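See below for start_6.txt, which holds compact mmCIF, C-alpha atoms.
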```txt
# COMPACT_ATOMS: atom_id res chain seq x y z
CA MET I 1 100.50 164.71 58.82
CA ASP I 2 103.03 164.35 56.04
CA GLU I 3 106.43 163.63 57.52
CA ASN I 4 108.39 164.84 54.51
CA PRO I 5 107.60 168.55 54.03
CA SER I 6 109.42 170.10 51.14
CA ILE I 7 111.19 173.42 51.29
CA GLU I 8 108.56 174.90 48.95
CA GLU I 9 105.56 173.86 51.06
CA ALA I 10 103.07 176.04 52.96
CA GLU I 11 104.17 179.25 54.57
CA ASN I 12 104.08 177.75 58.05
CA GLU I 13 106.65 175.17 57.01
CA THR I 14 110.19 176.33 56.52
CA VAL I 15 113.62 174.80 56.70
CA GLN I 16 116.00 175.70 59.51
CA ILE I 17 119.65 174.64 59.40
CA SER I 18 122.24 174.98 62.17
CA ASP I 19 124.28 178.16 61.97
CA GLY I 20 127.43 176.84 63.54
CA LYS I 21 126.36 176.88 67.20
CA GLU I 22 127.55 174.19 69.55
CA LEU I 23 124.81 171.89 70.69
CA ASP I 24 125.34 170.58 74.20
CA THR I 25 125.30 166.80 74.25
CA THR I 26 125.88 166.18 77.93
CA GLU I 27 122.63 164.22 77.94
CA GLY I 28 121.44 161.40 75.70
CA THR I 29 124.91 159.89 75.24
CA SER I 30 123.90 156.28 75.86
CA ASP I 31 124.28 153.56 73.24
CA GLU I 32 120.54 153.52 72.62
CA GLU I 33 119.39 153.72 69.01
CA PRO I 34 116.38 155.83 67.97
CA TYR I 35 113.12 153.98 67.35
CA VAL I 36 109.58 154.90 66.38
CA GLY I 37 107.65 155.67 69.54
CA MET I 38 110.69 156.87 71.48
CA GLU I 39 109.74 159.79 73.75
CA PHE I 40 111.58 162.94 74.80
CA GLU I 41 110.68 165.63 77.30
CA SER I 42 111.37 168.40 74.78
CA GLU I 43 112.47 169.16 71.22
CA GLU I 44 115.92 170.11 72.52
CA ALA I 45 116.24 166.73 74.26
CA ALA I 46 115.51 165.00 70.95
CA LYS I 47 118.20 167.10 69.23
CA VAL I 48 120.74 166.33 71.96
CA PHE I 49 120.02 162.60 71.75
CA TYR I 50 120.22 162.38 67.95
CA ASP I 51 123.36 164.53 67.85
CA ALA I 52 125.04 162.22 70.38
CA TYR I 53 123.87 159.22 68.35
CA ALA I 54 125.26 160.82 65.17
CA THR I 55 128.62 161.45 66.85
CA ARG I 56 128.83 157.87 68.05
CA VAL I 57 127.73 156.31 64.74
CA GLY I 58 129.91 158.56 62.61
CA PHE I 59 127.97 161.34 60.87
CA ILE I 60 127.03 164.97 61.48
CA MET I 61 123.46 165.86 62.35
CA ARG I 62 121.74 168.79 60.67
CA VAL I 63 118.63 170.43 62.09
CA ASP I 64 116.27 170.45 59.12
CA ALA I 65 112.58 171.15 58.47
CA PHE I 66 110.03 172.14 61.09
CA ARG I 67 106.33 172.88 61.30
CA ARG I 68 104.56 175.36 63.55
CA SER I 69 101.17 175.12 65.18
CA MET I 70 98.56 177.20 63.33
CA ARG I 71 97.09 178.00 66.74
CA ASP I 72 100.02 179.49 68.67
CA GLY I 73 102.93 179.43 66.24
CA LYS I 74 105.05 177.08 68.33
CA VAL I 75 107.15 174.35 66.70
CA VAL I 76 105.32 171.00 66.91
CA TRP I 77 107.18 168.93 64.30
CA ARG I 78 110.88 168.64 63.57
CA ARG I 79 113.08 166.68 61.19
CA LEU I 80 116.72 165.94 62.03
CA VAL I 81 118.85 164.66 59.17
CA CYS I 82 122.37 163.66 58.16
CA ASN I 83 124.40 166.62 56.89
CA LYS I 84 124.79 164.76 53.58
CA GLU I 85 121.02 164.88 53.00
CA GLY I 86 119.90 166.32 49.68
CA PHE I 87 122.06 167.53 46.82
CA ARG I 88 123.91 170.78 46.28
CA LYS I 89 122.63 172.90 43.44
CA LEU I 90 125.11 173.21 40.60
CA ARG I 91 126.26 176.73 39.82
CA PRO I 92 128.33 178.04 36.94
CA ARG I 93 131.97 178.51 37.94
CA ARG I 94 133.04 182.15 38.05
CA SER I 95 136.61 181.31 37.19
CA GLU I 96 138.34 178.34 35.62
CA ASN I 97 141.18 178.82 38.08
CA ARG I 98 139.00 178.26 41.12
CA LYS I 99 138.93 174.76 42.51
CA PRO I 100 135.48 173.14 42.60
CA ARG I 101 133.98 172.79 46.05
CA ALA I 102 134.04 169.43 47.69
CA ILE I 103 130.80 167.46 47.45
CA THR I 104 129.15 167.69 50.87
CA ARG I 105 125.67 166.42 50.04
CA GLU I 106 125.09 162.97 48.64
CA GLY I 107 121.33 162.48 48.93
CA CYS I 108 121.52 160.60 52.24
CA LYS I 109 118.08 159.63 53.56
CA ALA I 110 119.04 159.00 57.21
CA MET I 111 116.82 160.97 59.59
CA ILE I 112 114.47 161.03 62.51
CA VAL I 113 111.19 162.92 62.70
CA VAL I 114 109.83 163.99 66.09
CA LYS I 115 106.36 165.33 66.77
CA LYS I 116 104.93 167.03 69.85
CA GLU I 117 101.94 165.13 71.22
CA LYS I 118 99.03 166.53 73.26
CA THR I 119 100.75 165.22 76.39
CA GLY I 120 103.64 167.61 75.76
CA LYS I 121 106.04 164.75 74.99
CA TRP I 122 108.05 164.70 71.75
CA VAL I 123 107.72 161.32 70.03
CA VAL I 124 109.76 159.81 67.20
CA THR I 125 107.35 159.16 64.33
CA ARG I 126 109.93 158.14 61.74
CA PHE I 127 113.47 156.76 61.83
CA VAL I 128 115.65 156.02 58.79
CA LYS I 129 118.86 154.34 59.90
CA GLU I 130 120.67 153.58 56.64
CA HIS I 131 123.22 156.01 55.17
CA ASN I 132 124.45 155.94 51.57
CA HIS I 133 128.00 156.97 52.47
CA GLN I 134 130.84 155.87 54.72
CA LEU I 135 130.47 156.59 58.44
CA VAL I 136 133.32 157.70 60.69
CA PRO I 137 132.44 156.79 64.29
CA ILE I 138 133.71 159.09 67.03
CA PRO I 139 134.03 157.64 70.57
CA THR I 140 131.63 159.23 73.04
CA SER I 141 134.54 159.94 75.35
CA GLY I 142 136.31 161.82 72.58
CA ARG I 143 134.28 165.00 73.04
CA ARG I 144 131.02 166.01 74.67
CA SER I 145 129.77 168.35 72.01
CA MET I 146 129.78 168.58 68.22
CA LEU I 147 129.96 171.64 66.03
CA LEU I 148 127.05 171.60 63.62
CA SER I 149 128.86 173.08 60.66
CA GLN I 150 127.67 174.58 57.41
CA THR I 151 129.51 175.00 54.15
CA PRO I 152 129.38 178.44 52.49
CA ASP I 153 127.06 176.91 49.89
CA GLU I 154 124.60 175.83 52.59
CA LYS I 155 124.74 179.29 54.16
CA ASP I 156 123.86 180.86 50.81
CA VAL I 157 120.89 178.53 50.50
CA LYS I 158 119.81 179.40 54.05
CA ILE I 159 120.02 183.13 53.34
CA ARG I 160 117.86 182.74 50.23
CA GLU I 161 115.32 180.64 52.15
CA LEU I 162 115.11 183.17 54.99
CA THR I 163 114.79 186.04 52.52
CA ALA I 164 111.94 184.27 50.72
CA GLU I 165 110.27 183.52 54.05
CA LEU I 166 110.61 187.17 55.11
CA GLN I 167 109.00 188.31 51.86
CA ARG I 168 106.10 185.89 52.37
CA GLU I 169 105.60 187.14 55.92
CA ARG I 170 105.65 190.75 54.74
CA LYS I 171 102.99 189.96 52.13
CA ARG I 172 100.86 188.25 54.76
CA SER I 173 101.31 191.21 57.11
CA ALA I 174 100.32 193.65 54.35
CA ALA I 175 97.22 191.57 53.57
CA PHE I 176 96.23 191.48 57.25
CA GLN I 177 96.78 195.24 57.54
CA GLU I 178 94.58 195.83 54.50
CA GLN I 179 91.82 193.69 56.00
CA LEU I 180 92.14 195.51 59.33
CA ASP I 181 91.93 198.89 57.61
CA MET I 182 88.81 197.76 55.76
CA VAL I 183 87.16 196.63 59.00
CA LEU I 184 88.04 199.92 60.69
CA ARG I 185 86.63 201.91 57.76
CA GLU I 186 83.39 199.91 57.90
CA MET I 187 83.16 200.44 61.67
CA GLU I 188 83.73 204.17 61.24
CA GLU I 189 81.11 204.37 58.50
CA HIS I 190 78.65 202.43 60.64
CA SER I 191 79.36 204.73 63.58
CA ASN I 192 78.80 207.84 61.45
CA GLN I 193 75.57 206.41 60.08
CA LEU I 194 74.39 205.63 63.60
CA SER I 195 75.22 209.18 64.70
CA ARG I 196 73.24 210.59 61.76
CA ASN I 197 70.26 208.39 62.63
CA ILE I 198 70.37 209.57 66.24
CA ASP I 199 70.55 213.20 65.11
CA ASP I 200 67.53 212.65 62.83
CA ILE I 201 65.56 211.09 65.68
CA VAL I 202 66.45 213.95 68.04
CA GLN I 203 65.45 216.50 65.40
CA SER I 204 62.15 214.71 64.79
CA VAL I 205 61.40 214.66 68.53
CA ARG I 206 62.14 218.38 68.77
CA GLU I 207 59.85 219.12 65.83
CA ILE I 208 57.05 217.07 67.35
CA GLU I 209 57.54 218.81 70.70
CA SER I 210 57.50 222.22 69.03
CA LYS I 211 54.26 221.39 67.21
CA ARG I 212 52.70 220.12 70.43
CA VAL I 213 53.61 223.32 72.27
CA ALA I 214 52.27 225.44 69.40
CA LEU I 215 48.95 223.58 69.41
CA SER I 216 48.56 223.92 73.15
CA GLN I 217 49.07 227.70 72.95
CA SER I 218 46.61 228.24 70.12
```

Could you take the file, read its structure, and then write that structure out as structure tokens?
Amino acid sequence: MDENPSIEEAENETVQISDGKELDTTEGTSDEEPYVGMEFESEEAAKVFYDAYATRVGFIMRVDAFRRSMRDGKVVWRRLVCNKEGFRKLRPRRSENRKPRAITREGCKAMIVVKKEKTGKWVVTRFVKEHNHQLVPIPTSGRRSMLLSQTPDEKDVKIRELTAELQRERKRSAAFQEQLDMVLREMEEHSNQLSRNIDDIVQSVREIESKRVALSQS
């Protein structure tokens, strides 16, 4: 499985970014560093651990891409990245008087990828440690939770992504409904044809019986 799904990939692969909720980090606050093969009991445990690691090392974690199982729709693959991952799309300024927004994305590659195994465990399948920007470590004792923030620009991107995903899902739903309607029409036609065949058989039996009675009376 490709561990770097793009935003424009298949419909079962979308990008999910934190919407400003606090992520509890009361667990996973040790000095341990992520490594390939590291196991977690759940996806949430992996998020808690990497968020605590990010706080300690000096960056902000962002919950990024995920993949769902084609069988039951549950998330089975997740990528957690530095909030400076990627680059912000340049937009024309509406007014010369407005100050340009601060650069919040610098193409940082730091991340971990976790995947749900058949055992139910979530395992780290990729870990990129290096950042391309300065880190600002925060002591673990400083605070027990971190606000996973978004800039207005990131929220706009998220809204567009969710809107596009909704449109794709609506198209899929419409296609499924059309297929279902077609199947139902075929079933109804088959049922009507079967009823006509039964009526023809009954009529033929009646005609044969009538002829037999007529012959016996003559």

Between I:His190, I:Arg79, I:Lys47, I:Arg67, which has the minimum distance to I:Thr125 (counting all atoms listed in the file)?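 Under the stated criterion, the closest residue is I:Arg79.
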
Could you tell me how far atom CA of I:Gln167 lies from atom CA of I:Asp181, in Å and to one decimal?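 Those two atoms sit 20.9 Å apart.
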
I want to know what sits within 12 Å of I:Trp122, based on all atoms listed in the file, with residues of the same chain fewer than 3 positions away left out; could you give that as a list in words?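 Near neighbours after the sequence-gap exclusion: Val36, Gly37, Met38, Glu39, Phe40, Glu41, Ser42, Glu43, Glu44, Ala45, Ala46, Lys47, Val75, Val76, Trp77, Arg78, Arg79, Ile112, Val113, Val114, Lys115, Lys116, Glu117, Lys118, Thr119 and Thr125 of chain I.
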
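Minimum distance to I:Val128 across I:Glu169, I:Glu207, I:Glu161, I:Glu85 (counting only C-alpha atoms) occurs at I:Glu85.
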
What is the atom CA of I:Lys109 to atom CA of I:Ile159 distance in Å?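 About the pair atom CA of I:Lys109 and atom CA of I:Ile159: they are 23.6 Å apart.
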
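Straight-line separation from atom CA of I:Pro137 to atom CA of I:Lys84: 15.4 Å.
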
Could you check which of I:Leu180, I:Phe127, I:Ile208, I:Cys82 is closest to I:Glu33, using only C-alpha atoms?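 Of I:Leu180, I:Phe127, I:Ile208, I:Cys82, the one nearest I:Glu33 is I:Phe127, counting only C-alpha atoms.
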
Because some atoms of stretch 188-199 of chain I are absent here, can you restore all heavy atoms and send them as a tab-separated table (two decimals), in the frame of the given file?
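Generated output (part-v7.tsv):
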```tsv
chain	number	residue	atom	x	y	z
I	188	GLU	N	83.87	202.71	61.19
I	188	GLU	CA	83.73	204.17	61.24
I	188	GLU	C	82.51	204.63	60.47
I	188	GLU	O	81.75	205.50	60.93
I	188	GLU	CB	85.00	204.81	60.66
I	188	GLU	CG	84.98	206.33	60.74
I	188	GLU	CD	86.27	206.95	60.20
I	188	GLU	OE1	87.12	206.18	59.70
I	188	GLU	OE2	86.41	208.18	60.26
I	189	GLU	N	82.28	204.02	59.30
I	189	GLU	CA	81.11	204.37	58.50
I	189	GLU	C	79.82	204.02	59.23
I	189	GLU	O	78.85	204.79	59.23
I	189	GLU	CB	81.17	203.63	57.16
I	189	GLU	CG	80.03	203.98	56.22
I	189	GLU	CD	80.16	203.28	54.88
I	189	GLU	OE1	81.24	202.71	54.62
I	189	GLU	OE2	79.18	203.30	54.12
I	190	HIS	N	79.83	202.84	59.88
I	190	HIS	CA	78.65	202.43	60.64
I	190	HIS	C	78.41	203.37	61.81
I	190	HIS	O	77.26	203.75	62.10
I	190	HIS	CB	78.86	201.01	61.16
I	190	HIS	CG	77.72	200.49	61.99
I	190	HIS	ND1	76.50	200.13	61.44
I	190	HIS	CD2	77.61	200.29	63.34
I	190	HIS	CE1	75.69	199.73	62.40
I	190	HIS	NE2	76.35	199.81	63.56
I	191	SER	N	79.49	203.81	62.46
I	191	SER	CA	79.36	204.73	63.58
I	191	SER	C	78.82	206.07	63.12
I	191	SER	O	77.94	206.67	63.77
I	191	SER	CB	80.73	204.93	64.25
I	191	SER	OG	80.65	205.86	65.29
I	192	ASN	N	79.29	206.56	61.98
I	192	ASN	CA	78.80	207.84	61.45
I	192	ASN	C	77.32	207.74	61.07
I	192	ASN	O	76.54	208.67	61.31
I	192	ASN	CB	79.63	208.25	60.23
I	192	ASN	CG	81.05	208.61	60.60
I	192	ASN	OD1	81.34	208.96	61.74
I	192	ASN	ND2	81.97	208.52	59.63
I	193	GLN	N	76.96	206.60	60.46
I	193	GLN	CA	75.57	206.41	60.08
I	193	GLN	C	74.67	206.37	61.31
I	193	GLN	O	73.57	206.94	61.33
I	193	GLN	CB	75.41	205.11	59.29
I	193	GLN	CG	74.00	204.82	58.80
I	193	GLN	CD	73.50	205.89	57.83
I	193	GLN	OE1	74.25	206.34	56.98
I	193	GLN	NE2	72.25	206.29	57.97
I	194	LEU	N	75.15	205.70	62.36
I	194	LEU	CA	74.39	205.63	63.60
I	194	LEU	C	74.23	207.01	64.22
I	194	LEU	O	73.14	207.36	64.71
I	194	LEU	CB	75.11	204.70	64.59
I	194	LEU	CG	74.41	204.42	65.91
I	194	LEU	CD1	73.06	203.75	65.67
I	194	LEU	CD2	75.28	203.55	66.81
I	195	SER	N	75.29	207.81	64.16
I	195	SER	CA	75.22	209.18	64.70
I	195	SER	C	74.21	210.01	63.92
I	195	SER	O	73.43	210.78	64.51
I	195	SER	CB	76.60	209.84	64.63
I	195	SER	OG	77.52	209.16	65.47
I	196	ARG	N	74.20	209.85	62.58
I	196	ARG	CA	73.24	210.59	61.76
I	196	ARG	C	71.81	210.16	62.09
I	196	ARG	O	70.90	211.01	62.16
I	196	ARG	CB	73.54	210.35	60.27
I	196	ARG	CG	74.80	211.07	59.78
I	196	ARG	CD	74.86	211.09	58.26
I	196	ARG	NE	75.03	209.75	57.74
I	196	ARG	CZ	76.21	209.17	57.51
I	196	ARG	NH1	77.33	209.85	57.76
I	196	ARG	NH2	76.29	207.96	57.01
I	197	ASN	N	71.61	208.87	62.28
I	197	ASN	CA	70.26	208.39	62.63
I	197	ASN	C	69.80	208.96	63.97
I	197	ASN	O	68.62	209.34	64.13
I	197	ASN	CB	70.26	206.86	62.70
I	197	ASN	CG	70.44	206.23	61.33
I	197	ASN	OD1	70.21	206.87	60.30
I	197	ASN	ND2	70.83	204.96	61.30
I	198	ILE	N	70.72	209.01	64.92
I	198	ILE	CA	70.37	209.57	66.24
I	198	ILE	C	70.03	211.05	66.12
I	198	ILE	O	69.06	211.53	66.73
I	198	ILE	CB	71.54	209.36	67.22
I	198	ILE	CG1	71.71	207.87	67.52
I	198	ILE	CG2	71.31	210.13	68.52
I	198	ILE	CD1	72.90	207.54	68.38
I	199	ASP	N	70.82	211.77	65.31
I	199	ASP	CA	70.55	213.20	65.11
I	199	ASP	C	69.18	213.40	64.47
I	199	ASP	O	68.42	214.33	64.83
I	199	ASP	CB	71.63	213.82	64.23
I	199	ASP	CG	72.97	213.91	64.94
I	199	ASP	OD1	72.99	213.85	66.20
I	199	ASP	OD2	74.00	214.04	64.25
```
